[in-house]
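Chemist: Dropping in data_23.json, which is JSON, C-alpha atoms:
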```
[["chain", "number", "residue", "atom", "x", "y", "z"],
["A", 1, "MET", "CA", -31.46, -9.50, 33.00],
["A", 2, "ALA", "CA", -28.53, -9.16, 30.58],
["A", 3, "TRP", "CA", -27.97, -5.64, 31.96],
["A", 4, "LEU", "CA", -27.84, -6.99, 35.49],
["A", 5, "GLU", "CA", -25.35, -9.71, 34.54],
["A", 6, "ARG", "CA", -23.13, -7.14, 32.78],
["A", 7, "ASN", "CA", -23.20, -4.61, 35.60],
["A", 8, "GLY", "CA", -23.04, -7.00, 38.57],
["A", 9, "ASN", "CA", -19.43, -6.11, 39.46],
["A", 10, "ARG", "CA", -20.16, -2.36, 39.32],
["A", 11, "ILE", "CA", -23.04, -2.86, 41.74],
["A", 12, "GLY", "CA", -20.70, -4.90, 43.95],
["A", 13, "PHE", "CA", -18.13, -2.05, 44.07],
["A", 14, "VAL", "CA", -20.83, 0.34, 45.32],
["A", 15, "THR", "CA", -22.32, -2.20, 47.73],
["A", 16, "LEU", "CA", -19.20, -3.08, 49.68],
["A", 17, "PRO", "CA", -18.36, 0.43, 51.02],
["A", 18, "LEU", "CA", -22.05, 1.13, 51.60],
["A", 19, "LEU", "CA", -22.32, -2.00, 53.77],
["A", 20, "GLY", "CA", -19.31, -0.79, 55.77],
["A", 21, "ILE", "CA", -20.83, 2.67, 56.22],
["A", 22, "GLY", "CA", -24.16, 1.08, 57.18],
["A", 23, "ALA", "CA", -22.48, -1.12, 59.80],
["A", 24, "TYR", "CA", -20.65, 1.91, 61.27],
["A", 25, "MET", "CA", -23.87, 3.92, 61.42],
["A", 26, "ALA", "CA", -25.76, 1.00, 63.00],
["A", 27, "LEU", "CA", -23.17, 0.19, 65.66],
["A", 28, "VAL", "CA", -21.71, 3.64, 66.44],
["A", 29, "TRP", "CA", -23.49, 6.64, 64.92],
["A", 30, "SER", "CA", -27.11, 5.82, 65.64],
["A", 31, "PRO", "CA", -28.29, 6.61, 69.21],
["A", 32, "PRO", "CA", -29.70, 3.91, 71.51],
["A", 33, "ASP", "CA", -33.46, 3.64, 71.79],
["A", 34, "ILE", "CA", -35.17, 5.22, 74.80],
["A", 35, "HIS", "CA", -37.01, 1.95, 75.65],
["A", 36, "MET", "CA", -34.90, -0.83, 74.17],
["A", 37, "GLY", "CA", -31.48, 0.75, 74.70],
["A", 38, "GLN", "CA", -28.65, -0.73, 72.63],
["A", 39, "ASP", "CA", -30.75, -3.80, 71.71],
["A", 40, "MET", "CA", -32.54, -1.88, 68.98],
["A", 41, "ARG", "CA", -29.32, -1.87, 66.89],
["A", 42, "LEU", "CA", -30.32, -5.37, 65.79],
["A", 43, "LEU", "CA", -33.20, -3.69, 63.97],
["A", 44, "TYR", "CA", -30.65, -2.39, 61.43],
["A", 45, "VAL", "CA", -29.98, -5.98, 60.38],
["A", 46, "HIS", "CA", -33.40, -7.47, 60.96],
["A", 47, "VAL", "CA", -35.50, -4.95, 58.96],
["A", 48, "PRO", "CA", -33.20, -4.84, 55.87],
["A", 49, "THR", "CA", -32.98, -8.67, 55.76],
["A", 50, "ILE", "CA", -36.76, -9.14, 55.80],
["A", 51, "TRP", "CA", -37.18, -6.29, 53.29],
["A", 52, "THR", "CA", -34.69, -8.00, 50.97],
["A", 53, "ALA", "CA", -36.49, -11.31, 51.43],
["A", 54, "TYR", "CA", -39.82, -9.66, 50.46],
["A", 55, "LEU", "CA", -38.15, -8.04, 47.43],
["A", 56, "ALA", "CA", -36.45, -11.25, 46.28],
["A", 57, "LEU", "CA", -39.62, -13.31, 46.60],
["A", 58, "THR", "CA", -41.66, -10.61, 44.83],
["A", 59, "VAL", "CA", -39.20, -10.83, 41.91],
["A", 60, "THR", "CA", -39.68, -14.63, 42.01],
["A", 61, "LEU", "CA", -43.46, -14.11, 41.82],
["A", 62, "CYS", "CA", -43.19, -11.76, 38.82],
["A", 63, "ALA", "CA", -40.71, -14.07, 37.04],
["A", 64, "SER", "CA", -42.98, -17.07, 37.74],
["A", 65, "ILE", "CA", -45.97, -15.30, 36.22],
["A", 66, "ALA", "CA", -43.76, -14.49, 33.22],
["A", 67, "VAL", "CA", -42.76, -18.19, 32.92],
["A", 68, "LEU", "CA", -46.43, -19.20, 32.58],
["A", 69, "TRP", "CA", -47.37, -16.24, 30.41],
["A", 70, "LYS", "CA", -44.38, -15.76, 28.09],
["A", 71, "LYS", "CA", -43.35, -19.43, 28.16],
["A", 72, "HIS", "CA", -39.67, -18.58, 28.08],
["A", 73, "LEU", "CA", -37.13, -20.36, 30.27],
["A", 74, "ARG", "CA", -35.02, -17.28, 30.92],
["A", 75, "TRP", "CA", -37.77, -16.14, 33.33],
["A", 76, "ASP", "CA", -37.33, -19.43, 35.16],
["A", 77, "ASN", "CA", -33.62, -18.58, 35.57],
["A", 78, "LEU", "CA", -34.64, -15.30, 37.22],
["A", 79, "ALA", "CA", -37.27, -17.01, 39.40],
["A", 80, "VAL", "CA", -34.88, -19.62, 40.81],
["A", 81, "ALA", "CA", -32.00, -17.15, 41.24],
["A", 82, "SER", "CA", -34.15, -14.74, 43.21],
["A", 83, "ALA", "CA", -35.89, -17.49, 45.21],
["A", 84, "GLU", "CA", -32.57, -18.89, 46.45],
["A", 85, "ILE", "CA", -31.48, -15.46, 47.69],
["A", 86, "GLY", "CA", -34.96, -14.88, 49.14],
["A", 87, "VAL", "CA", -34.73, -18.10, 51.17],
["A", 88, "LEU", "CA", -31.32, -17.07, 52.51],
["A", 89, "PHE", "CA", -32.57, -13.64, 53.58],
["A", 90, "THR", "CA", -35.75, -15.07, 55.13],
["A", 91, "ALA", "CA", -33.64, -17.46, 57.22],
["A", 92, "LEU", "CA", -31.33, -14.61, 58.26],
["A", 93, "ALA", "CA", -34.30, -12.41, 59.19],
["A", 94, "ILE", "CA", -35.56, -15.22, 61.45],
["A", 95, "VAL", "CA", -32.12, -15.63, 63.07],
["A", 96, "ALA", "CA", -31.65, -11.87, 63.65],
["A", 97, "GLY", "CA", -35.24, -11.64, 64.91],
["A", 98, "SER", "CA", -34.69, -14.55, 67.31],
["A", 99, "ILE", "CA", -31.67, -12.84, 68.87],
["A", 100, "TRP", "CA", -33.71, -9.68, 69.24],
["A", 101, "GLY", "CA", -36.57, -11.73, 70.69],
["A", 102, "LYS", "CA", -34.25, -13.19, 73.34],
["A", 103, "LEU", "CA", -33.19, -9.68, 74.39],
["A", 104, "THR", "CA", -36.65, -8.14, 74.44],
["A", 105, "TRP", "CA", -39.06, -11.02, 75.15],
["A", 106, "GLY", "CA", -36.66, -13.35, 76.96],
["A", 107, "VAL", "CA", -37.11, -16.23, 74.46],
["A", 108, "TYR", "CA", -35.54, -17.03, 71.10],
["A", 109, "TRP", "CA", -38.76, -18.39, 69.67],
["A", 110, "THR", "CA", -42.48, -18.22, 70.36],
["A", 111, "TRP", "CA", -45.43, -19.29, 68.21],
["A", 112, "ASP", "CA", -46.41, -15.69, 67.57],
["A", 113, "PRO", "CA", -48.37, -15.01, 64.30],
["A", 114, "ARG", "CA", -45.51, -13.00, 62.74],
["A", 115, "LEU", "CA", -42.85, -15.56, 63.60],
["A", 116, "THR", "CA", -45.00, -18.52, 62.60],
["A", 117, "THR", "CA", -46.02, -17.08, 59.22],
["A", 118, "THR", "CA", -42.37, -16.18, 58.49],
["A", 119, "ALA", "CA", -41.33, -19.76, 59.31],
["A", 120, "VAL", "CA", -44.09, -21.00, 56.97],
["A", 121, "LEU", "CA", -42.70, -18.69, 54.25],
["A", 122, "LEU", "CA", -39.25, -20.20, 54.72],
["A", 123, "VAL", "CA", -40.66, -23.74, 54.49],
["A", 124, "ILE", "CA", -42.69, -22.93, 51.34],
["A", 125, "PHE", "CA", -39.76, -21.48, 49.41],
["A", 126, "THR", "CA", -37.30, -24.11, 50.64],
["A", 127, "GLY", "CA", -39.85, -26.59, 49.28],
["A", 128, "TYR", "CA", -39.87, -24.62, 46.03],
["A", 129, "LEU", "CA", -36.10, -25.12, 45.69],
["A", 130, "LEU", "CA", -36.36, -28.83, 46.60],
["A", 131, "LEU", "CA", -39.21, -29.39, 44.15],
["A", 132, "ARG", "CA", -36.97, -28.19, 41.33],
["A", 133, "ALA", "CA", -34.56, -31.04, 42.02],
["A", 134, "LEU", "CA", -37.28, -33.66, 41.46],
["A", 135, "THR", "CA", -37.84, -33.11, 37.75],
["A", 136, "ASP", "CA", -35.33, -33.42, 34.91],
["A", 137, "ASP", "CA", -37.54, -31.89, 32.24],
["A", 138, "ALA", "CA", -36.84, -28.15, 32.14],
["A", 139, "TRP", "CA", -40.36, -27.11, 31.12],
["A", 140, "THR", "CA", -42.19, -29.31, 33.62],
["A", 141, "ARG", "CA", -39.85, -28.06, 36.35],
["A", 142, "ALA", "CA", -40.35, -24.42, 35.40],
["A", 143, "ARG", "CA", -44.16, -24.77, 35.26],
["A", 144, "GLN", "CA", -44.48, -26.68, 38.55],
["A", 145, "ALA", "CA", -42.10, -24.30, 40.34],
["A", 146, "ALA", "CA", -43.94, -21.24, 38.99],
["A", 147, "ILE", "CA", -47.26, -22.53, 40.36],
["A", 148, "VAL", "CA", -45.72, -23.20, 43.80],
["A", 149, "ALA", "CA", -44.11, -19.72, 43.84],
["A", 150, "ILE", "CA", -47.38, -17.97, 42.93],
["A", 151, "ILE", "CA", -49.34, -19.85, 45.61],
["A", 152, "GLY", "CA", -46.52, -19.49, 48.17],
["A", 153, "PHE", "CA", -46.31, -15.74, 47.65],
["A", 154, "ILE", "CA", -49.76, -15.33, 49.23],
["A", 155, "ASP", "CA", -47.97, -15.79, 52.57],
["A", 156, "ILE", "CA", -45.99, -12.54, 52.22],
["A", 157, "PRO", "CA", -48.86, -10.08, 52.83],
["A", 158, "VAL", "CA", -50.00, -12.42, 55.62],
["A", 159, "VAL", "CA", -46.51, -12.16, 57.21],
["A", 160, "HIS", "CA", -46.44, -8.38, 56.91],
["A", 161, "PHE", "CA", -49.93, -7.66, 58.14],
["A", 162, "SER", "CA", -50.10, -10.48, 60.72],
["A", 163, "VAL", "CA", -49.15, -8.02, 63.47],
["A", 164, "LEU", "CA", -52.16, -5.86, 62.58],
["A", 165, "TRP", "CA", -54.65, -8.67, 61.95],
["A", 166, "TRP", "CA", -53.92, -10.75, 65.06],
["A", 167, "ARG", "CA", -52.83, -10.10, 68.61],
["A", 168, "SER", "CA", -49.05, -10.32, 68.39],
["A", 169, "LEU", "CA", -45.99, -9.94, 70.60],
["A", 170, "HIS", "CA", -44.16, -8.49, 67.62],
["A", 171, "GLN", "CA", -44.25, -4.73, 67.23],
["A", 172, "ALA", "CA", -46.26, -3.11, 64.42],
["A", 173, "PRO", "CA", -44.50, -2.55, 61.08],
["A", 174, "THR", "CA", -42.01, 0.34, 61.06],
["A", 175, "PHE", "CA", -42.75, 1.13, 57.42],
["A", 176, "LEU", "CA", -45.70, 0.28, 55.12],
["A", 177, "ARG", "CA", -48.12, 0.63, 58.05],
["A", 178, "PRO", "CA", -51.61, 1.59, 56.90],
["A", 179, "ASN", "CA", -53.70, 3.53, 59.50],
["A", 180, "LEU", "CA", -50.70, 3.93, 61.79],
["A", 181, "GLY", "CA", -49.23, 7.10, 60.25],
["A", 182, "ASP", "CA", -45.61, 7.95, 59.46],
["A", 183, "PRO", "CA", -42.72, 6.11, 61.16],
["A", 184, "THR", "CA", -42.04, 7.58, 64.61],
["A", 185, "MET", "CA", -38.27, 7.37, 64.79],
["A", 186, "ASP", "CA", -35.36, 9.62, 65.58],
["A", 187, "ASP", "CA", -33.88, 11.11, 62.37],
["A", 188, "ARG", "CA", -30.50, 9.41, 62.85],
["A", 189, "MET", "CA", -32.22, 6.05, 63.37],
["A", 190, "GLU", "CA", -34.32, 6.55, 60.25],
["A", 191, "ILE", "CA", -31.30, 7.56, 58.12],
["A", 192, "THR", "CA", -29.33, 4.54, 59.37],
["A", 193, "LEU", "CA", -32.22, 2.23, 58.60],
["A", 194, "ILE", "CA", -32.57, 3.68, 55.10],
["A", 195, "VAL", "CA", -28.80, 3.39, 54.39],
["A", 196, "ASP", "CA", -28.76, -0.23, 55.58],
["A", 197, "THR", "CA", -31.87, -1.07, 53.56],
["A", 198, "VAL", "CA", -30.35, 0.46, 50.40],
["A", 199, "ALA", "CA", -27.07, -1.42, 51.04],
["A", 200, "PHE", "CA", -28.92, -4.74, 51.42],
["A", 201, "THR", "CA", -30.98, -4.03, 48.28],
["A", 202, "LEU", "CA", -27.78, -3.43, 46.30],
["A", 203, "LEU", "CA", -26.27, -6.57, 47.81],
["A", 204, "TYR", "CA", -29.33, -8.48, 46.62],
["A", 205, "LEU", "CA", -28.87, -7.10, 43.08],
["A", 206, "PHE", "CA", -25.17, -8.05, 43.14],
["A", 207, "LEU", "CA", -25.91, -11.60, 44.33],
["A", 208, "LEU", "CA", -28.76, -11.86, 41.83],
["A", 209, "SER", "CA", -26.47, -10.89, 38.95],
["A", 210, "LYS", "CA", -24.07, -13.71, 39.87],
["A", 211, "ARG", "CA", -26.82, -16.26, 40.58],
["A", 212, "LEU", "CA", -28.52, -15.41, 37.27],
["A", 213, "LYS", "CA", -25.30, -16.09, 35.39],
["A", 214, "LEU", "CA", -24.95, -19.39, 37.26],
["A", 215, "ALA", "CA", -28.55, -20.37, 36.38],
["A", 216, "ARG", "CA", -27.92, -19.60, 32.70],
["A", 217, "LEU", "CA", -24.65, -21.58, 32.64],
["A", 218, "GLU", "CA", -26.24, -24.51, 34.50],
["A", 219, "ARG", "CA", -29.09, -24.64, 32.00],
["A", 220, "GLU", "CA", -26.67, -24.61, 29.08],
["A", 221, "GLY", "CA", -24.48, -27.22, 30.83],
["A", 222, "GLU", "CA", -27.54, -29.41, 31.44],
["A", 223, "ALA", "CA", -28.33, -29.35, 27.74],
["A", 224, "VAL", "CA", -24.70, -30.14, 26.86],
["A", 225, "ASP", "CA", -24.81, -33.17, 29.20],
["A", 226, "TRP", "CA", -27.87, -34.52, 27.41],
["A", 227, "GLY", "CA", -26.34, -33.82, 24.03],
["A", 228, "GLU", "CA", -29.08, -31.30, 23.25],
["A", 229, "VAL", "CA", -29.23, -27.77, 22.04],
["A", 230, "PRO", "CA", -29.45, -25.41, 25.09],
["A", 231, "PRO", "CA", -33.19, -24.76, 25.71],
["A", 232, "GLU", "CA", -32.92, -21.01, 25.28],
["A", 233, "ARG", "CA", -31.05, -21.36, 22.00],
["A", 234, "ALA", "CA", -33.58, -23.99, 20.85],
["A", 235, "GLN", "CA", -36.41, -21.58, 21.63],
["A", 236, "LEU", "CA", -34.65, -18.84, 19.72],
["A", 237, "GLU", "CA", -34.10, -21.13, 16.72],
["A", 238, "ALA", "CA", -37.72, -22.30, 16.81],
["A", 239, "ALA", "CA", -38.91, -18.69, 16.93],
["A", 240, "ARG", "CA", -36.69, -17.80, 13.96],
["A", 241, "ALA", "CA", -37.99, -20.83, 12.01],
["A", 242, "ARG", "CA", -41.56, -19.64, 12.59],
["B", 243, "MET", "CA", -21.86, -2.47, 98.58],
["B", 244, "LYS", "CA", -25.34, -2.42, 97.12],
["B", 245, "SER", "CA", -24.45, 0.29, 94.60],
["B", 246, "LEU", "CA", -21.35, -1.69, 93.56],
["B", 247, "LEU", "CA", -23.52, -4.76, 92.93],
["B", 248, "ASN", "CA", -25.97, -2.63, 90.94],
["B", 249, "GLU", "CA", -23.08, -1.22, 88.92],
["B", 250, "LEU", "CA", -21.72, -4.74, 88.22],
["B", 251, "SER", "CA", -25.17, -6.00, 87.27],
["B", 252, "LEU", "CA", -25.65, -3.07, 84.88],
["B", 253, "ARG", "CA", -22.25, -3.67, 83.28],
["B", 254, "GLN", "CA", -23.05, -7.35, 82.92],
["B", 255, "ARG", "CA", -26.34, -6.44, 81.22],
["B", 256, "VAL", "CA", -24.62, -4.02, 78.81],
["B", 257, "LEU", "CA", -21.99, -6.67, 78.00],
["B", 258, "ALA", "CA", -24.70, -9.27, 77.35],
["B", 259, "ASP", "CA", -26.61, -6.84, 75.11],
["B", 260, "TRP", "CA", -23.54, -5.97, 73.06],
["B", 261, "SER", "CA", -22.49, -9.60, 72.67],
["B", 262, "SER", "CA", -25.98, -10.42, 71.34],
["B", 263, "ILE", "CA", -25.91, -7.42, 68.98],
["B", 264, "LEU", "CA", -22.47, -8.36, 67.65],
["B", 265, "ALA", "CA", -23.56, -12.01, 67.36],
["B", 266, "GLY", "CA", -26.54, -10.88, 65.24],
["B", 267, "PHE", "CA", -24.37, -8.76, 62.96],
["B", 268, "GLY", "CA", -21.71, -11.50, 62.81],
["B", 269, "ILE", "CA", -24.13, -14.32, 61.95],
["B", 270, "VAL", "CA", -25.83, -12.32, 59.18],
["B", 271, "GLY", "CA", -22.51, -11.01, 57.79],
["B", 272, "GLY", "CA", -20.84, -14.41, 58.02],
["B", 273, "ALA", "CA", -23.73, -16.23, 56.35],
["B", 274, "LEU", "CA", -23.81, -13.72, 53.49],
["B", 275, "LEU", "CA", -20.04, -14.02, 53.06],
["B", 276, "LEU", "CA", -20.25, -17.82, 52.97],
["B", 277, "TYR", "CA", -23.10, -17.70, 50.47],
["B", 278, "GLY", "CA", -21.09, -15.27, 48.31],
["B", 279, "ILE", "CA", -18.03, -17.55, 48.38],
["B", 280, "SER", "CA", -20.11, -20.63, 47.55],
["B", 281, "LEU", "CA", -21.78, -18.73, 44.70],
["B", 282, "PHE", "CA", -18.42, -17.75, 43.21],
["B", 283, "MET", "CA", -17.16, -21.34, 43.51],
["B", 284, "ARG", "CA", -20.29, -22.71, 41.80],
["B", 285, "LEU", "CA", -19.92, -20.07, 39.11],
["B", 286, "ARG", "CA", -16.30, -20.98, 38.44],
["B", 287, "GLN", "CA", -17.23, -24.65, 38.28],
["B", 288, "ALA", "CA", -20.09, -23.93, 35.85],
["B", 289, "GLU", "CA", -17.81, -21.80, 33.68],
["B", 290, "GLY", "CA", -15.28, -24.66, 33.57],
["B", 291, "HIS", "CA", -18.11, -27.06, 32.70],
["B", 292, "GLY", "CA", -19.31, -24.76, 29.93],
["B", 293, "ASN", "CA", -15.81, -24.69, 28.43],
["B", 294, "GLY", "CA", -15.82, -28.48, 28.14],
["B", 295, "GLY", "CA", -13.88, -29.05, 31.36],
["B", 296, "HIS", "CA", -16.77, -30.80, 33.20],
["B", 297, "GLY", "CA", -15.95, -28.99, 36.45],
["B", 298, "GLY", "CA", -12.32, -30.01, 36.32],
["B", 299, "SER", "CA", -13.08, -33.75, 36.50]]
```
Mind converting the file's structure to structure tokens?
Modeler:
Amino acid sequence: MAWLERNGNRIGFVTLPLLGIGAYMALVWSPPDIHMGQDMRLLYVHVPTIWTAYLALTVTLCASIAVLWKKHLRWDNLAVASAEIGVLFTALAIVAGSIWGKLTWGVYWTWDPRLTTTAVLLVIFTGYLLLRALTDDAWTRARQAAIVAIIGFIDIPVVHFSVLWWRSLHQAPTFLRPNLGDPTMDDRMEITLIVDTVAFTLLYLFLLSKRLKLARLEREGEAVDWGEVPPERAQLEAARAR
Amino acid sequence: MKSLLNELSLRQRVLADWSSILAGFGIVGGALLLYGISLFMRLRQAEGHGNGGHGGS
């Protein structure tokens, strides 16, 4: 985590040009799809956003398990930082998907299994962020939030595999598709998708580095407001005393 | 006349497709930019708070 905070700006310097290259490839370089025509260019935003949302919420899951296991509040900083970014990317994946839905299905929204489970995911993790505002005690908040994150994460495999488990309007997964073989895409489309996914992953790491620093400063500020020793420093001092 | 109408309809369709594509890219890019700006503002405020400035108040 300290490494990420230190190297956040370096990641940002790599991310910015890569996002520009990714946008150029998506809008100009990549060929139109034989069935969907130009509409498929939205895939270069939609797939990386949902991938980043999965990644961010998986990090939240791991950090939440660490909160309960290691009982250290720095894992809670990571959990909340990643969850906030995960919620943003989930919402953006729904928006980009809705625009694509309007072009291909003729409607912005339908109660399809994939869309519905993604909306449920957004509600669960928005609830996770709201729940954190209800408790002042740092440990109670961290524990309650960790439990919600672990239970809420169950929805992610349901979202991903919903198109295989149920009859769905949504197409089958492009990647991570058991029993469906390798992705069947033109090389230029595949390269563009990979570049955009890498760019979004780096953007996530950059945002996470900044949000982590904010979470750490907020926790220290919270302790200063109450006239207490910052929780992480208190833990460190208690560990040294033992 | 019919081919002209077909041509116009096709152009209209292409224009509609591209405006939706650019709207998708614009909304995602804009939202990420706004989130980035808000994050930096919150960070600056928290840094001020940490230095005893209480967010400039």
Chemist: Residues of chain B were defined as contacting chain A if any atom lay at most 7 Å from it, counting all atoms listed in the file; please report them as a PyMOL selection string.
Modeler: chain B and resi 259+262-263+266-267+270+281+285+288-289+291-292
Chemist: Could you work out an axis-aligned bounding box for all listed atoms of segment 252-267 of chain B, with 3 Å added on each of the six sides, and give its centre and edge lengths in Å to one decimal, as lines of an AutoDock Vina configuration file?
Modeler:
```
center_x = -24.3
center_y = -7.5
center_z = 73.9
size_x = 10.6
size_y = 14.9
size_z = 27.9
```
Chemist: Measure the distance from atom CA of Leu169 of chain A to atom CA of Pro113 of chain A in Å and round it to one decimal.
Modeler: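 The value is 8.4 Å.
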Chemist: Between atom CA of Leu55 of chain A and atom CA of Ala138 of chain A, what is the distance in Å, rounded to a tenth?
Modeler: 25.3 Å
Chemist: Could you check how far atom CA of Ser162 of chain A sits from atom CA of Trp105 of chain A, in Å to one decimal?
Modeler: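 We find that atom CA of Ser162 of chain A and atom CA of Trp105 of chain A lie 18.2 Å from each other.
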Chemist: So that I can see what lies close to Thr117 of chain A, please list as an NGL selection string the residues with an atom at most 10 Å from it, counting all atoms listed in the file and leaving out residues fewer than 3 positions away in the same chain.
Modeler: :A and (111-114 or 120-123 or 155-160 or 162)
Chemist: Which residues are near Arg132 of chain A? Cut-off 8 Å, all atoms listed in the file, ignore same chain within fewer than 6 positions. Put them as a list in words.
Modeler: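 These residues fall inside the cut-off: Arg141, Ala142 and Ala145 of chain A.
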Chemist: If you keep C-alpha atoms, can you produce a file of those selected residues as a CSV table (one decimal), keeping the file's coordinate frame?
Modeler:
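Done, and the output landed in selection06.csv:
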```
chain,number,residue,atom,x,y,z
A,141,ARG,CA,-39.8,-28.1,36.4
A,142,ALA,CA,-40.4,-24.4,35.4
A,145,ALA,CA,-42.1,-24.3,40.3
```
Chemist: List every protein, DNA or RNA residue with an atom no more than 9 Å from (-29.0, 0.0, 58.2) in the file's coordinates, counting all atoms listed in the file, and format the result as a list in words.
Modeler: Leu19, Ile21, Gly22, Ala23, Met25, Ala26, Arg41, Leu43, Tyr44, Val45, Val47, Pro48, Met189, Glu190, Ile191, Thr192, Leu193, Ile194, Val195, Asp196, Thr197, Val198, Ala199 and Phe200 of chain A
Chemist: Could those residues be written to a file, using C-alpha atoms, as a PDB file, keeping the file's coordinate frame?
Modeler:
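Saved as part-v8.pdb:
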```
ATOM      1  CA  LEU A  19     -22.320  -2.000  53.770  1.00  0.00           C
ATOM      2  CA  ILE A  21     -20.830   2.670  56.220  1.00  0.00           C
ATOM      3  CA  GLY A  22     -24.160   1.080  57.180  1.00  0.00           C
ATOM      4  CA  ALA A  23     -22.480  -1.120  59.800  1.00  0.00           C
ATOM      5  CA  MET A  25     -23.870   3.920  61.420  1.00  0.00           C
ATOM      6  CA  ALA A  26     -25.760   1.000  63.000  1.00  0.00           C
ATOM      7  CA  ARG A  41     -29.320  -1.870  66.890  1.00  0.00           C
ATOM      8  CA  LEU A  43     -33.200  -3.690  63.970  1.00  0.00           C
ATOM      9  CA  TYR A  44     -30.650  -2.390  61.430  1.00  0.00           C
ATOM     10  CA  VAL A  45     -29.980  -5.980  60.380  1.00  0.00           C
ATOM     11  CA  VAL A  47     -35.500  -4.950  58.960  1.00  0.00           C
ATOM     12  CA  PRO A  48     -33.200  -4.840  55.870  1.00  0.00           C
ATOM     13  CA  MET A 189     -32.220   6.050  63.370  1.00  0.00           C
ATOM     14  CA  GLU A 190     -34.320   6.550  60.250  1.00  0.00           C
ATOM     15  CA  ILE A 191     -31.300   7.560  58.120  1.00  0.00           C
ATOM     16  CA  THR A 192     -29.330   4.540  59.370  1.00  0.00           C
ATOM     17  CA  LEU A 193     -32.220   2.230  58.600  1.00  0.00           C
ATOM     18  CA  ILE A 194     -32.570   3.680  55.100  1.00  0.00           C
ATOM     19  CA  VAL A 195     -28.800   3.390  54.390  1.00  0.00           C
ATOM     20  CA  ASP A 196     -28.760  -0.230  55.580  1.00  0.00           C
ATOM     21  CA  THR A 197     -31.870  -1.070  53.560  1.00  0.00           C
ATOM     22  CA  VAL A 198     -30.350   0.460  50.400  1.00  0.00           C
ATOM     23  CA  ALA A 199     -27.070  -1.420  51.040  1.00  0.00           C
ATOM     24  CA  PHE A 200     -28.920  -4.740  51.420  1.00  0.00           C
TER      25      PHE A 200
END
```
Chemist: Quick one: of A:Gln171, A:Leu208, A:Ile50, A:Arg188, who's nearest to Ala83 of chain A, counting only C-alpha atoms?
Modeler: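 So, comparing all the options, the nearest one is A:Leu208.
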Chemist: Please produce segment 109-119 of chain A, completed to N, CA, C and O atoms, as a PDB file, in the frame of the given file.
Modeler:
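Okay, this is what ended up in rebuild-v7.pdb:
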```pdb
ATOM      1  N   TRP A 109     -37.664 -18.057  70.573  1.00  0.00           N
ATOM      2  CA  TRP A 109     -38.760 -18.390  69.670  1.00  0.00           C
ATOM      3  C   TRP A 109     -40.074 -18.498  70.424  1.00  0.00           C
ATOM      4  O   TRP A 109     -40.117 -19.008  71.535  1.00  0.00           O
ATOM      5  N   THR A 110     -41.141 -18.016  69.819  1.00  0.00           N
ATOM      6  CA  THR A 110     -42.480 -18.220  70.360  1.00  0.00           C
ATOM      7  C   THR A 110     -43.426 -18.340  69.174  1.00  0.00           C
ATOM      8  O   THR A 110     -43.139 -17.802  68.101  1.00  0.00           O
ATOM      9  N   TRP A 111     -44.539 -19.053  69.348  1.00  0.00           N
ATOM     10  CA  TRP A 111     -45.430 -19.290  68.210  1.00  0.00           C
ATOM     11  C   TRP A 111     -46.360 -18.088  68.005  1.00  0.00           C
ATOM     12  O   TRP A 111     -47.577 -18.192  68.014  1.00  0.00           O
ATOM     13  N   ASP A 112     -45.739 -16.952  67.839  1.00  0.00           N
ATOM     14  CA  ASP A 112     -46.410 -15.690  67.570  1.00  0.00           C
ATOM     15  C   ASP A 112     -46.828 -15.671  66.088  1.00  0.00           C
ATOM     16  O   ASP A 112     -46.138 -16.273  65.256  1.00  0.00           O
ATOM     17  N   PRO A 113     -47.943 -14.994  65.718  1.00  0.00           N
ATOM     18  CA  PRO A 113     -48.370 -15.010  64.300  1.00  0.00           C
ATOM     19  C   PRO A 113     -47.278 -14.560  63.322  1.00  0.00           C
ATOM     20  O   PRO A 113     -47.083 -15.183  62.281  1.00  0.00           O
ATOM     21  N   ARG A 114     -46.541 -13.486  63.661  1.00  0.00           N
ATOM     22  CA  ARG A 114     -45.510 -13.000  62.740  1.00  0.00           C
ATOM     23  C   ARG A 114     -44.399 -14.027  62.557  1.00  0.00           C
ATOM     24  O   ARG A 114     -43.977 -14.321  61.444  1.00  0.00           O
ATOM     25  N   LEU A 115     -43.948 -14.596  63.669  1.00  0.00           N
ATOM     26  CA  LEU A 115     -42.850 -15.560  63.600  1.00  0.00           C
ATOM     27  C   LEU A 115     -43.294 -16.836  62.877  1.00  0.00           C
ATOM     28  O   LEU A 115     -42.560 -17.385  62.052  1.00  0.00           O
ATOM     29  N   THR A 116     -44.507 -17.273  63.197  1.00  0.00           N
ATOM     30  CA  THR A 116     -45.000 -18.520  62.600  1.00  0.00           C
ATOM     31  C   THR A 116     -45.185 -18.366  61.090  1.00  0.00           C
ATOM     32  O   THR A 116     -44.755 -19.231  60.310  1.00  0.00           O
ATOM     33  N   THR A 117     -45.791 -17.250  60.664  1.00  0.00           N
ATOM     34  CA  THR A 117     -46.020 -17.080  59.220  1.00  0.00           C
ATOM     35  C   THR A 117     -44.692 -16.904  58.477  1.00  0.00           C
ATOM     36  O   THR A 117     -44.563 -17.334  57.332  1.00  0.00           O
ATOM     37  N   THR A 118     -43.688 -16.303  59.142  1.00  0.00           N
ATOM     38  CA  THR A 118     -42.370 -16.180  58.490  1.00  0.00           C
ATOM     39  C   THR A 118     -41.722 -17.559  58.350  1.00  0.00           C
ATOM     40  O   THR A 118     -41.099 -17.857  57.328  1.00  0.00           O
ATOM     41  N   ALA A 119     -41.878 -18.394  59.389  1.00  0.00           N
ATOM     42  CA  ALA A 119     -41.330 -19.760  59.310  1.00  0.00           C
ATOM     43  C   ALA A 119     -42.025 -20.541  58.195  1.00  0.00           C
ATOM     44  O   ALA A 119     -41.374 -21.291  57.454  1.00  0.00           O
TER      45      ALA A 119
END
```
